[in-house]
$ cat model-v7.txt   # compact mmCIF, C-alpha atoms
# COMPACT_ATOMS: atom_id res chain seq x y z
CA MET G 1 -14.25 -32.95 6.15
CA PHE G 2 -16.00 -31.02 8.91
CA ILE G 3 -15.79 -27.66 10.69
CA TRP G 4 -17.40 -25.92 13.68
CA PRO G 5 -18.51 -22.42 12.50
CA PHE G 6 -19.18 -21.11 16.04
CA ARG G 7 -15.76 -22.25 17.28
CA ILE G 8 -14.04 -20.71 14.24
CA LYS G 9 -15.70 -17.36 14.90
CA GLU G 10 -14.76 -17.45 18.59
CA LYS G 11 -11.17 -18.42 17.80
CA VAL G 12 -10.65 -15.73 15.18
CA ASN G 13 -12.07 -13.09 17.56
CA SER G 14 -9.64 -14.22 20.25
CA MET G 15 -6.70 -14.17 17.81
CA LYS G 16 -7.61 -10.68 16.60
CA SER G 17 -7.71 -9.44 20.19
CA ASN G 18 -4.26 -10.90 20.92
CA ILE G 19 -2.75 -9.41 17.76
CA GLU G 20 -4.12 -5.98 18.63
CA LYS G 21 -2.30 -6.17 21.99
CA ILE G 22 0.97 -6.72 20.13
CA ASP G 23 0.66 -3.23 18.61
CA PHE G 24 1.39 -1.70 22.00
CA ALA G 25 4.24 -4.14 22.67
CA ILE G 26 5.91 -3.35 19.34
CA LEU G 27 5.56 0.39 19.87
CA SER G 28 6.98 0.11 23.41
CA THR G 29 9.90 -1.96 22.12
CA LYS G 30 10.65 0.61 19.43
CA ILE G 31 10.78 3.36 22.06
CA GLU G 32 13.10 1.26 24.23
CA LEU G 33 15.39 0.44 21.29
CA ASP G 34 15.69 4.11 20.37
CA LYS G 35 16.40 4.99 23.99
CA ILE G 36 19.03 2.25 24.35
CA GLU G 37 20.76 3.30 21.14
CA TYR G 38 20.85 6.93 22.27
CA ASP G 39 22.12 6.09 25.77
CA LEU G 40 24.77 3.65 24.57
CA SER G 41 26.06 5.98 21.87
CA ALA G 42 26.43 8.69 24.51
CA ARG G 43 28.15 6.52 27.18
CA LEU G 44 30.00 3.67 25.47
CA LYS G 45 33.12 4.18 23.41
CA GLY G 46 35.61 2.00 21.58
CA ALA G 47 35.29 -1.74 20.97
CA ALA G 48 32.49 -2.25 23.51
CA TRP G 49 30.26 0.31 21.82
CA ARG G 50 31.13 -0.91 18.32
CA SER G 51 30.21 -4.48 19.22
CA VAL G 52 26.86 -3.44 20.77
CA GLN G 53 26.19 -1.18 17.81
CA ARG G 54 26.89 -3.97 15.30
CA TYR G 55 24.76 -6.38 17.29
CA THR G 56 21.87 -3.90 17.41
CA GLU G 57 22.12 -2.89 13.76
CA ASN G 58 22.61 -6.38 12.31
CA ILE G 59 20.41 -8.49 14.59
CA ILE G 60 18.15 -6.74 17.09
CA GLY G 61 16.92 -3.96 14.76
CA PRO G 62 16.11 -6.25 11.81
CA LEU G 63 14.60 -8.89 14.15
CA PHE G 64 12.33 -6.24 15.65
CA LYS G 65 11.18 -5.32 12.14
CA VAL G 66 10.45 -8.98 11.33
CA TYR G 67 8.15 -9.00 14.34
CA GLY G 68 6.50 -5.90 12.87
CA SER G 69 6.12 -7.56 9.45
CA TRP G 70 4.63 -10.62 11.13
CA GLN G 71 2.15 -8.45 13.03
CA ILE G 72 1.08 -6.58 9.88
CA GLU G 73 0.70 -9.73 7.80
CA CYS G 74 -1.06 -11.62 10.60
CA THR G 75 -3.53 -8.76 11.08
CA ARG G 76 -4.38 -8.67 7.37
CA ALA G 77 -4.70 -12.46 7.20
CA LEU G 78 -6.97 -12.51 10.25
CA GLU G 79 -9.17 -9.77 8.81
CA ALA G 80 -9.63 -11.80 5.62
CA TYR G 81 -10.19 -14.97 7.66
CA TYR G 82 -12.70 -13.13 9.86
CA ARG G 83 -14.69 -11.93 6.82
CA GLU G 84 -14.89 -15.46 5.47
CA ALA G 85 -15.83 -16.88 8.90
CA ASN G 86 -18.72 -14.42 9.24
CA ILE G 87 -20.22 -15.71 6.00
CA LEU G 88 -20.49 -19.22 7.46
CA PRO G 89 -24.03 -20.22 8.52
CA ASN G 90 -25.00 -20.10 12.20
CA ILE G 91 -24.84 -23.81 12.85
CA GLY G 92 -22.97 -25.90 15.42
CA PHE G 93 -21.00 -28.01 12.94
CA ILE G 94 -20.84 -28.90 9.24
CA HIS G 95 -19.82 -32.46 8.41
CA ARG G 96 -19.70 -33.01 4.65
CA GLU G 97 -19.76 -36.84 4.64
CA LYS G 98 -22.56 -37.00 7.23
CA PHE G 99 -24.61 -34.30 5.48
CA GLU G 100 -24.12 -36.01 2.10
CA GLY G 101 -25.46 -39.20 3.72
CA TYR G 102 -28.53 -37.26 4.88
CA ILE G 103 -29.05 -35.89 1.37
CA ASP G 104 -28.79 -39.36 -0.20
CA LYS G 105 -31.34 -40.66 2.29
CA TRP G 106 -33.75 -37.77 1.63
CA GLU G 107 -33.41 -38.12 -2.14
CA ALA G 108 -34.23 -41.81 -1.84
CA ALA G 109 -37.26 -40.94 0.30
CA ILE G 110 -38.46 -38.48 -2.36
CA GLU G 111 -38.11 -41.14 -5.04
CA ARG G 112 -40.15 -43.61 -2.92
CA GLU G 113 -42.78 -40.97 -2.31
CA PHE G 114 -43.19 -40.36 -6.04
CA ASN G 115 -43.74 -44.10 -6.51
CA ARG G 116 -46.61 -44.19 -4.02
CA LYS G 117 -50.19 -44.34 -5.23
CA HIS G 118 -51.04 -41.18 -3.27
CA VAL G 119 -48.03 -38.81 -3.48
CA ASN G 120 -47.53 -36.55 -0.45
CA MET G 121 -46.27 -33.36 -2.12
CA ARG G 122 -46.05 -31.61 1.24
CA ARG G 123 -43.50 -34.17 2.44
CA ILE G 124 -41.54 -33.89 -0.82
CA LYS G 125 -41.30 -30.10 -0.46
CA MET G 126 -40.10 -30.47 3.12
CA LEU G 127 -37.42 -32.99 2.08
CA ASN G 128 -36.30 -30.73 -0.80
CA ARG G 129 -35.92 -27.84 1.65
CA LEU G 130 -33.75 -30.03 3.89
CA ILE G 131 -31.66 -31.11 0.90
CA SER G 132 -31.20 -27.50 -0.24
CA LYS G 133 -30.31 -26.32 3.27
CA HIS G 134 -27.70 -29.01 3.92
CA GLN G 135 -26.23 -28.70 0.44
CA GLY G 136 -25.87 -24.97 1.18
CA TYR G 137 -24.02 -25.85 4.39
CA ILE G 138 -21.62 -28.07 2.44
CA ASP G 139 -21.09 -25.40 -0.24
CA SER G 140 -20.41 -22.70 2.37
CA MET G 141 -17.84 -24.92 4.08
CA GLU G 142 -16.03 -25.72 0.82
CA ARG G 143 -16.08 -22.05 -0.18
CA PHE G 144 -14.62 -21.10 3.22
CA VAL G 145 -11.86 -23.71 2.94
CA GLY G 146 -11.06 -22.69 -0.66
CA ASN G 147 -10.91 -18.96 0.16
CA THR G 148 -8.76 -19.38 3.26
CA VAL G 149 -6.28 -22.01 2.07
CA GLY G 150 -2.71 -20.70 2.49
CA ILE G 151 -3.92 -17.48 4.08
CA PHE G 152 -1.46 -17.83 6.99
CA ASP G 153 1.50 -19.15 4.94
CA GLU G 154 3.32 -15.81 5.00
CA CYS G 155 2.80 -15.53 8.78
CA ARG G 156 4.31 -18.99 9.28
CA ARG G 157 7.28 -18.11 7.06
CA LEU G 158 8.00 -15.06 9.21
CA GLU G 159 7.50 -17.11 12.38
CA ASP G 160 10.14 -19.57 11.13
CA ILE G 161 12.64 -16.72 10.65
CA ILE G 162 11.91 -15.40 14.14
CA LEU G 163 12.22 -18.84 15.78
CA ASP G 164 15.39 -19.71 13.84
CA THR G 165 16.93 -16.40 14.89
CA LYS G 166 16.01 -16.91 18.55
CA THR G 167 17.55 -20.39 18.43
CA GLY G 168 20.70 -19.00 16.83
CA LEU G 169 20.95 -16.16 19.34
CA SER G 170 21.20 -18.68 22.16
CA THR G 171 24.75 -19.40 20.94
CA VAL G 172 25.91 -15.77 21.04
CA LYS G 173 29.01 -15.37 23.20
CA PHE G 174 30.70 -12.46 24.91
CA ASP G 175 34.50 -12.29 24.88
CA THR G 176 35.48 -10.58 28.14
CA GLU G 177 39.08 -10.01 27.06
CA ALA G 178 38.30 -8.37 23.72
CA GLY G 179 35.17 -6.76 25.15
CA GLU G 180 33.17 -7.58 22.04
CA ILE G 181 30.01 -9.54 21.30
CA TYR G 182 30.21 -12.16 18.56
CA PHE G 183 27.15 -13.26 16.64
CA THR G 184 28.90 -14.98 13.75
CA GLU G 185 27.25 -18.19 14.91
CA LEU G 186 24.16 -16.99 13.05
CA SER G 187 24.26 -18.29 9.49
CA ALA G 188 24.77 -15.81 6.64
CA ASN G 189 21.42 -16.91 5.16
CA LEU G 190 19.64 -16.08 8.40
CA ILE G 191 21.23 -12.63 8.63
CA ASN G 192 20.34 -12.00 4.97
CA SER G 193 16.73 -13.05 5.68
CA LEU G 194 16.57 -10.62 8.60
CA ASN G 195 17.89 -7.77 6.46
CA LEU G 196 15.50 -8.52 3.62
CA GLU G 197 12.52 -8.67 5.96
CA SER G 198 13.70 -5.43 7.55
CA ASN G 199 13.42 -3.74 4.14
CA ARG G 200 10.04 -5.34 3.54
CA TYR G 201 8.78 -4.07 6.90
CA ASP G 202 9.63 -0.45 6.00
CA LEU G 203 7.60 -0.86 2.79
CA LEU G 204 4.68 -2.53 4.60
CA ASN G 205 4.76 0.12 7.30
CA GLY G 206 4.62 2.76 4.56
CA GLY G 207 1.26 1.45 3.38
CA LEU G 208 2.13 -1.12 0.71
CA THR G 209 0.76 -4.67 0.76
CA TYR G 210 2.60 -7.94 0.25
CA LYS G 211 0.86 -8.29 -3.12
CA GLU G 212 2.14 -4.91 -4.30
CA ILE G 213 5.68 -5.55 -3.05
CA ASN G 214 5.73 -9.01 -4.67
CA GLU G 215 4.55 -7.51 -7.97
CA LEU G 216 7.50 -5.10 -8.01
CA CYS G 217 9.89 -7.92 -7.08
CA ARG G 218 8.44 -9.99 -9.94
CA LEU G 219 9.38 -7.17 -12.30
CA GLY G 220 13.00 -7.43 -11.18
CA PHE G 221 13.32 -4.98 -8.28
CA GLU G 222 15.25 -5.99 -5.15
CA LEU G 223 13.83 -5.23 -1.70
CA PRO G 224 16.77 -3.00 -0.59
CA GLU G 225 16.46 -1.12 -3.88
CA LEU G 226 12.71 -0.61 -3.41
CA ARG G 227 13.17 0.64 0.14
CA SER G 228 15.94 3.07 -0.87
CA MET G 229 13.59 4.63 -3.45
CA TYR G 230 10.29 4.48 -1.55
CA ILE G 231 11.48 6.26 1.62
CA PRO G 232 12.63 9.50 -0.14
CA MET G 233 9.59 9.39 -2.43
CA LYS G 234 7.33 9.23 0.62
CA LYS G 235 9.20 12.10 2.30
CA CYS G 236 8.58 14.39 -0.68
CA GLY G 237 4.94 13.28 -1.04
CA GLU G 238 5.36 11.35 -4.31
CA GLU G 239 4.80 7.82 -2.98
CA ASP G 240 1.61 7.60 -5.08
CA PHE G 241 3.79 6.94 -8.13
CA PHE G 242 5.30 3.97 -6.31
CA ILE G 243 1.99 2.54 -5.05
CA ASN G 244 0.02 3.04 -8.28
CA LEU G 245 2.75 1.45 -10.40
CA ALA G 246 2.88 -1.49 -7.96
CA ARG G 247 -0.86 -1.86 -8.67
CA LYS G 248 -0.34 -1.30 -12.41
CA ASP G 249 -2.83 1.57 -12.27
CA PHE G 250 -1.10 3.51 -15.04
CA ASP G 251 -3.81 6.16 -15.47
CA LYS G 252 -3.43 7.29 -11.85
CA ALA G 253 0.34 6.89 -11.81
CA PHE G 254 0.94 9.04 -14.90
CA SER G 255 -1.78 11.66 -14.37
CA LYS G 256 0.96 14.04 -13.22
CA VAL G 257 4.69 14.41 -13.82
CA PRO G 258 7.09 13.70 -10.91
CA GLU G 259 9.31 16.51 -9.69
CA ASN G 260 11.63 14.53 -7.43
CA THR G 261 14.72 12.96 -9.06
CA VAL G 262 14.29 9.68 -7.14
CA SER G 263 10.70 9.40 -8.41
CA GLN G 264 11.84 10.04 -11.96
CA MET G 265 14.56 7.39 -11.74
CA PHE G 266 12.12 4.90 -10.18
CA ILE G 267 9.64 5.40 -13.03
CA SER G 268 12.36 4.96 -15.65
CA GLU G 269 13.58 1.77 -13.95
CA TYR G 270 9.98 0.52 -13.74
CA ILE G 271 9.48 1.12 -17.48
CA LEU G 272 12.73 -0.72 -18.24
CA ASN G 273 11.76 -3.72 -16.10
CA LEU G 274 8.21 -3.69 -17.45
CA SER G 275 9.44 -3.82 -21.05
CA ILE G 276 11.69 -6.82 -20.28
CA SER G 277 9.28 -8.77 -18.04
CA ASP G 278 5.82 -8.07 -19.47
CA GLY G 279 6.47 -7.19 -23.11
CA ASP G 280 5.14 -4.69 -25.62
CA GLY G 281 1.46 -4.84 -24.67
CA GLU G 282 1.91 -3.58 -21.11
CA LEU G 283 4.54 -1.07 -22.23
CA THR G 284 2.07 0.33 -24.77
CA ARG G 285 -0.59 0.64 -22.07
CA ALA G 286 1.83 2.48 -19.79
CA ILE G 287 3.01 4.92 -22.49
CA ASN G 288 -0.55 5.73 -23.59
CA ALA G 289 -1.38 6.60 -19.98
CA MET G 290 1.50 9.12 -20.12
CA LEU G 291 0.27 10.50 -23.45
CA LYS G 292 -3.35 10.81 -22.35
CA PRO G 293 -4.43 14.48 -22.68
CA VAL G 294 -5.30 16.17 -19.39
CA GLU G 295 -7.44 19.17 -18.58
CA TYR G 296 -5.61 22.41 -17.90
CA GLU G 297 -6.93 24.54 -15.07
CA ASP G 298 -5.81 28.18 -14.94
CA GLY G 299 -5.17 30.19 -11.81
CA TYR G 300 -8.83 31.11 -11.55
CA GLY G 301 -10.04 27.50 -11.53
CA ILE G 302 -11.31 27.67 -15.12
CA ILE G 303 -10.79 24.50 -17.16
CA ASP G 304 -9.60 25.39 -20.64
CA GLY G 305 -9.50 22.39 -22.97
CA LEU G 306 -7.31 19.29 -23.17
CA TYR G 307 -3.53 19.58 -23.22
CA THR G 308 -0.61 17.26 -23.81
CA THR G 309 2.14 19.34 -22.25
CA HIS G 310 2.76 16.69 -19.62
CA ALA G 311 3.08 14.05 -22.40
CA VAL G 312 6.02 15.99 -23.81
CA GLU G 313 7.46 16.33 -20.31
CA TYR G 314 7.20 12.58 -19.75
CA MET G 315 8.92 11.74 -23.03
CA LYS G 316 11.75 14.17 -22.27
CA MET G 317 12.08 12.97 -18.65
CA LEU G 318 12.25 9.29 -19.58
CA TYR G 319 14.70 9.96 -22.39
CA SER G 320 17.03 11.82 -19.99
CA CYS G 321 16.75 9.20 -17.21
CA LEU G 322 17.25 6.23 -19.54
CA GLU G 323 20.19 7.95 -21.23
CA TYR G 324 21.79 8.44 -17.80
CA LYS G 325 21.18 4.77 -16.90
CA LEU G 326 22.68 3.76 -20.23
CA GLU G 327 25.86 5.69 -19.42
CA LEU G 328 26.14 3.96 -16.04
CA ASN G 329 25.43 0.57 -17.56
CA SER G 330 28.01 1.06 -20.31
CA CYS G 331 30.63 2.02 -17.71
CA SER G 332 30.03 -1.34 -16.02
CA PHE G 333 31.44 -3.10 -19.06
CA LEU G 334 34.63 -1.07 -18.78
CA ASP G 335 35.07 -0.82 -15.02
CA GLU G 336 34.07 -4.35 -13.92
CA ASP G 337 35.55 -7.75 -14.64
CA ILE G 338 32.32 -9.64 -15.34
CA ARG G 339 33.23 -13.32 -15.30
CA ASN G 340 29.78 -14.76 -14.55
CA ARG G 341 28.14 -15.51 -17.89
CA ASN G 342 24.60 -14.94 -16.59
CA ASP G 343 25.53 -11.55 -15.12
CA TYR G 344 27.16 -10.60 -18.41
CA ASN G 345 24.10 -11.65 -20.45
CA ASP G 346 21.79 -9.72 -18.10
CA LEU G 347 23.91 -6.62 -18.52
CA VAL G 348 23.85 -6.98 -22.33
CA LEU G 349 20.05 -7.42 -22.31
CA ARG G 350 19.64 -4.40 -20.07
CA ASN G 351 21.93 -2.35 -22.35
CA GLU G 352 19.96 -3.32 -25.46
CA ARG G 353 16.66 -2.30 -23.87
CA LEU G 354 18.08 0.94 -22.53
CA ILE G 355 19.26 1.93 -26.01
CA ALA G 356 15.91 0.94 -27.56
CA LEU G 357 13.82 2.72 -24.92
CA ALA G 358 15.96 5.86 -24.89
CA THR G 359 15.61 6.03 -28.69
CA LEU G 360 11.86 5.39 -28.43
CA PHE G 361 11.22 8.19 -25.93
CA GLY G 362 13.68 10.55 -27.61
CA SER G 363 11.96 10.18 -30.98
CA ALA G 364 8.49 10.40 -29.39
CA TYR G 365 9.57 13.64 -27.72
CA ASP G 366 10.56 15.05 -31.12
CA VAL G 367 7.33 13.94 -32.83
CA ILE G 368 4.93 15.07 -30.10
CA GLY G 369 6.86 18.26 -29.43
CA GLU G 370 6.72 19.30 -33.10
CA ALA G 371 3.08 18.24 -33.48
CA SER G 372 1.91 20.16 -30.41
CA GLU G 373 4.26 23.09 -31.00
CA THR G 374 5.74 22.76 -27.50
CA LYS G 375 9.25 21.71 -28.48
CA ASN G 376 11.83 24.36 -27.63
CA LYS G 377 9.13 26.31 -25.78
CA SER G 378 8.20 26.45 -22.12
CA LEU G 379 6.83 23.01 -21.32
CA THR G 380 4.79 24.42 -18.48
CA SER G 381 2.92 26.84 -20.68
CA ALA G 382 -0.61 25.77 -21.50
CA SER G 383 -1.20 28.73 -23.79
CA VAL G 384 0.42 27.17 -26.87
CA PRO G 385 -1.66 25.02 -29.24
CA GLN G 386 -2.02 21.45 -27.91
CA LEU G 387 -3.27 18.05 -29.08
CA SER G 388 -6.67 16.81 -27.95
CA GLU G 389 -5.98 13.18 -28.97
CA LEU G 390 -2.68 11.36 -28.69
CA ASN G 391 -1.75 7.67 -28.49
CA ILE G 392 0.90 5.22 -29.60
CA ASN G 393 0.05 2.21 -31.79
CA GLY G 394 1.75 -0.93 -33.08
CA LEU G 395 4.59 -0.78 -30.55
CA LEU G 396 6.84 -3.76 -31.20
CA PHE G 397 10.37 -4.57 -30.13
CA ASN G 398 12.40 -5.64 -33.18
CA ASP G 399 14.68 -8.36 -31.82
CA LYS G 400 17.00 -8.27 -34.85
CA LEU G 401 17.48 -4.50 -34.92
CA LYS G 402 17.19 -4.17 -31.11
CA SER G 403 14.86 -1.20 -31.51
CA TYR G 404 11.16 -0.34 -31.28
CA ASP G 405 8.80 0.08 -34.22
CA TYR G 406 5.72 2.20 -33.52
CA SER G 407 3.34 4.83 -34.87
CA ILE G 408 1.78 7.83 -33.15
CA LYS G 409 -1.77 8.95 -33.81
CA TYR G 410 -2.71 12.52 -32.88
CA SER G 411 -5.19 15.25 -33.69
CA GLY G 412 -5.98 18.75 -32.50
CA LYS G 413 -5.01 22.32 -33.24
$ encode --input "model-v7.txt" --output "structure tokens"
Amino acid sequence: MFIWPFRIKEKVNSMKSNIEKIDFAILSTKIELDKIEYDLSARLKGAAWRSVQRYTENIIGPLFKVYGSWQIECTRALEAYYREANILPNIGFIHREKFEGYIDKWEAAIEREFNRKHVNMRRIKMLNRLISKHQGYIDSMERFVGNTVGIFDECRRLEDIILDTKTGLSTVKFDTEAGEIYFTELSANLINSLNLESNRYDLLNGGLTYKEINELCRLGFELPELRSMYIPMKKCGEEDFFINLARKDFDKAFSKVPENTVSQMFISEYILNLSISDGDGELTRAINAMLKPVEYEDGYGIIDGLYTTHAVEYMKMLYSCLEYKLELNSCSFLDEDIRNRNDYNDLVLRNERLIALATLFGSAYDVIGEASETKNKSLTSASVPQLSELNINGLLFNDKLKSYDYSIKYSGK
């Protein structure tokens, strides 16, 4: 195995420069697409306009966003690659097998020197320095290879979608008699990939990373679902809930209570998915972040003790949201003919957890509300006696009873 550090640094600089130029191209294309859509909607009517509109909405728009996703991911990958390349030593090339041969030869020379009647310690030190230097070169190369392996895999995946789409688009035909464009030659899988990547692009463009998006998908969220929740949350300034939960930074996520309904429903869905995917330990950690007492600051900027008002608000909010989801889920059993056994089992599992979680948060609301004397009072009032310590312990889902066992520890006024 061998590499040329100088060539790697030159290449990555060149690639970064080319990617930066794409920013302008993507922005210009977006402006042109918006202009075309506006002009066509104003001038074209009937079948001709509908066909162009479908073509733009189903193919060109999503394909443009895949280019955007590719540019974002490629930029991030290159930045990481560039950081690793800059750590490489300033040397023309590193050849592991050749350098290992040098090291073997120098170690043998040291051994011969020690066997001489008059040992030349100066020569031994020089050889040891050479051994250490070349071993460092080998280590730096292996570290570089290990840290950059697979770094461009996501870029190549997006490139494949783009190239497959461009190949498929070469078969698009125009029917002059009907006056419509047909793109059914594109496979359903390819169109689905474009639409999924279109949703991912909106999330990436909003500031999320692939790692954060993949974490939410691992918990059971679908990309269209994530996009439909993230966009309104961002518009109302509550996207921090989304981002911090994607990072599993519960303390930051639950340091305040959401006001927007979409944010509240997202948090309740996150808690549901978290309980199913990651179990009682992570659910306990999330709930204790909600229950953590916070400092109350009055209108004059004076901090006056620790309060758990927002803990009561969280318990009430989650109870209401989960109860609403439970109603919708229960209606699915009545309104839909669920023939797929896996879909049916998933719906049953979801129903069981919704009942258990709604009961958990409803009972916690009662306990904490009574203990802190905030139940049936204004939840925004910080003047009532509050708890200075509050946490949940021993949270465990009872699989037989389909409910949660837990205890709450609290102290204060």
$ residues_around --input "model-v7.txt" --residues "region 392-396 of chain G" --least-positions-apart "2" --cutoff "7 Å" --atoms "only C-alpha atoms" --output "PyMOL selection string"
chain G and resi 280+284+288+398+404-409
$ write_last_selection --input "model-v7.txt" --atoms "C-alpha atoms" --output "tab-separated table (two decimals), keeping the file's coordinate frame"
chain	number	residue	atom	x	y	z
G	280	ASP	CA	5.14	-4.69	-25.62
G	284	THR	CA	2.07	0.33	-24.77
G	288	ASN	CA	-0.55	5.73	-23.59
G	398	ASN	CA	12.40	-5.64	-33.18
G	404	TYR	CA	11.16	-0.34	-31.28
G	405	ASP	CA	8.80	0.08	-34.22
G	406	TYR	CA	5.72	2.20	-33.52
G	407	SER	CA	3.34	4.83	-34.87
G	408	ILE	CA	1.78	7.83	-33.15
G	409	LYS	CA	-1.77	8.95	-33.81
$ residues_around --input "model-v7.txt" --residues "Asn260 (chain G)" --least-positions-apart "5" --cutoff "12 Å" --atoms "all atoms listed in the file" --output "ChimeraX atom specification"
/G:229-230,232-239,241,265-267,317
$ closest_residue --input "model-v7.txt" --among "G:Leu349, G:Met141, G:Ile151, G:Leu130" --to "Arg76 (chain G)" --atoms "all atoms listed in the file"
G:Ile151
$ closest_residue --input "model-v7.txt" --among "G:Leu88, G:Leu274, G:Leu357, G:Leu347" --to "Tyr319 (chain G)" --atoms "only C-alpha atoms"
G:Leu357
$ atom_distance --input "model-v7.txt" --atom1 "CA of Asn147 (chain G)" --atom2 "CA of Glu84 (chain G)"
7.5 Å
$ residues_around --input "model-v7.txt" --residues "Pro224 (chain G)" --least-positions-apart "6" --cutoff "9 Å" --atoms "all atoms listed in the file" --output "PyMOL selection string"
chain G and resi 195-196+199-200
$ closest_residue --input "model-v7.txt" --among "G:Asp251, G:Val66, G:Asp366, G:Ala77" --to "Val294 (chain G)" --atoms "all atoms listed in the file"
G:Asp251
$ residues_around --input "model-v7.txt" --residues "Gly61 (chain G)" --least-positions-apart "2" --cutoff "12 Å" --atoms "all atoms listed in the file" --output "PyMOL selection string"
chain G and resi 26+29-30+32-34+36-37+52-59+63-68+191+194-195+197-199+201-202
$ closest_residue --input "model-v7.txt" --among "G:His118, G:Lys21, G:Lys316, G:Lys133" --to "Gln264 (chain G)" --atoms "all atoms listed in the file"
G:Lys316
$ atom_distance --input "model-v7.txt" --atom1 "CA of Lys98 (chain G)" --atom2 "CA of Met126 (chain G)"
19.2 Å
$ atom_distance --input "model-v7.txt" --atom1 "CA of Ile110 (chain G)" --atom2 "CA of Ser132 (chain G)"
13.3 Å
$ residues_around --input "model-v7.txt" --residues "region 99-109 of chain G" --least-positions-apart "3" --cutoff "12 Å" --atoms "only C-alpha atoms" --output "PyMOL selection string"
chain G and resi 1-2+93-96+112-116+119-120+123-139+141
$ closest_residue --input "model-v7.txt" --among "G:Pro62, G:Glu269, G:Glu212, G:Glu154" --to "Ser193 (chain G)" --atoms "all atoms listed in the file"
G:Pro62
$ closest_residue --input "model-v7.txt" --among "G:Met121, G:Ser28, G:Ile271, G:Val12" --to "Glu79 (chain G)" --atoms "all atoms listed in the file"
G:Val12
$ axis_aligned_box --input "model-v7.txt" --around "region 274-292 of chain G" --padding-each-side "4 Å" --output "JSON"
{"center_x": 4.2, "center_y": 1.0, "center_z": -21.5, "size_x": 23.0, "size_y": 27.6, "size_z": 16.2}
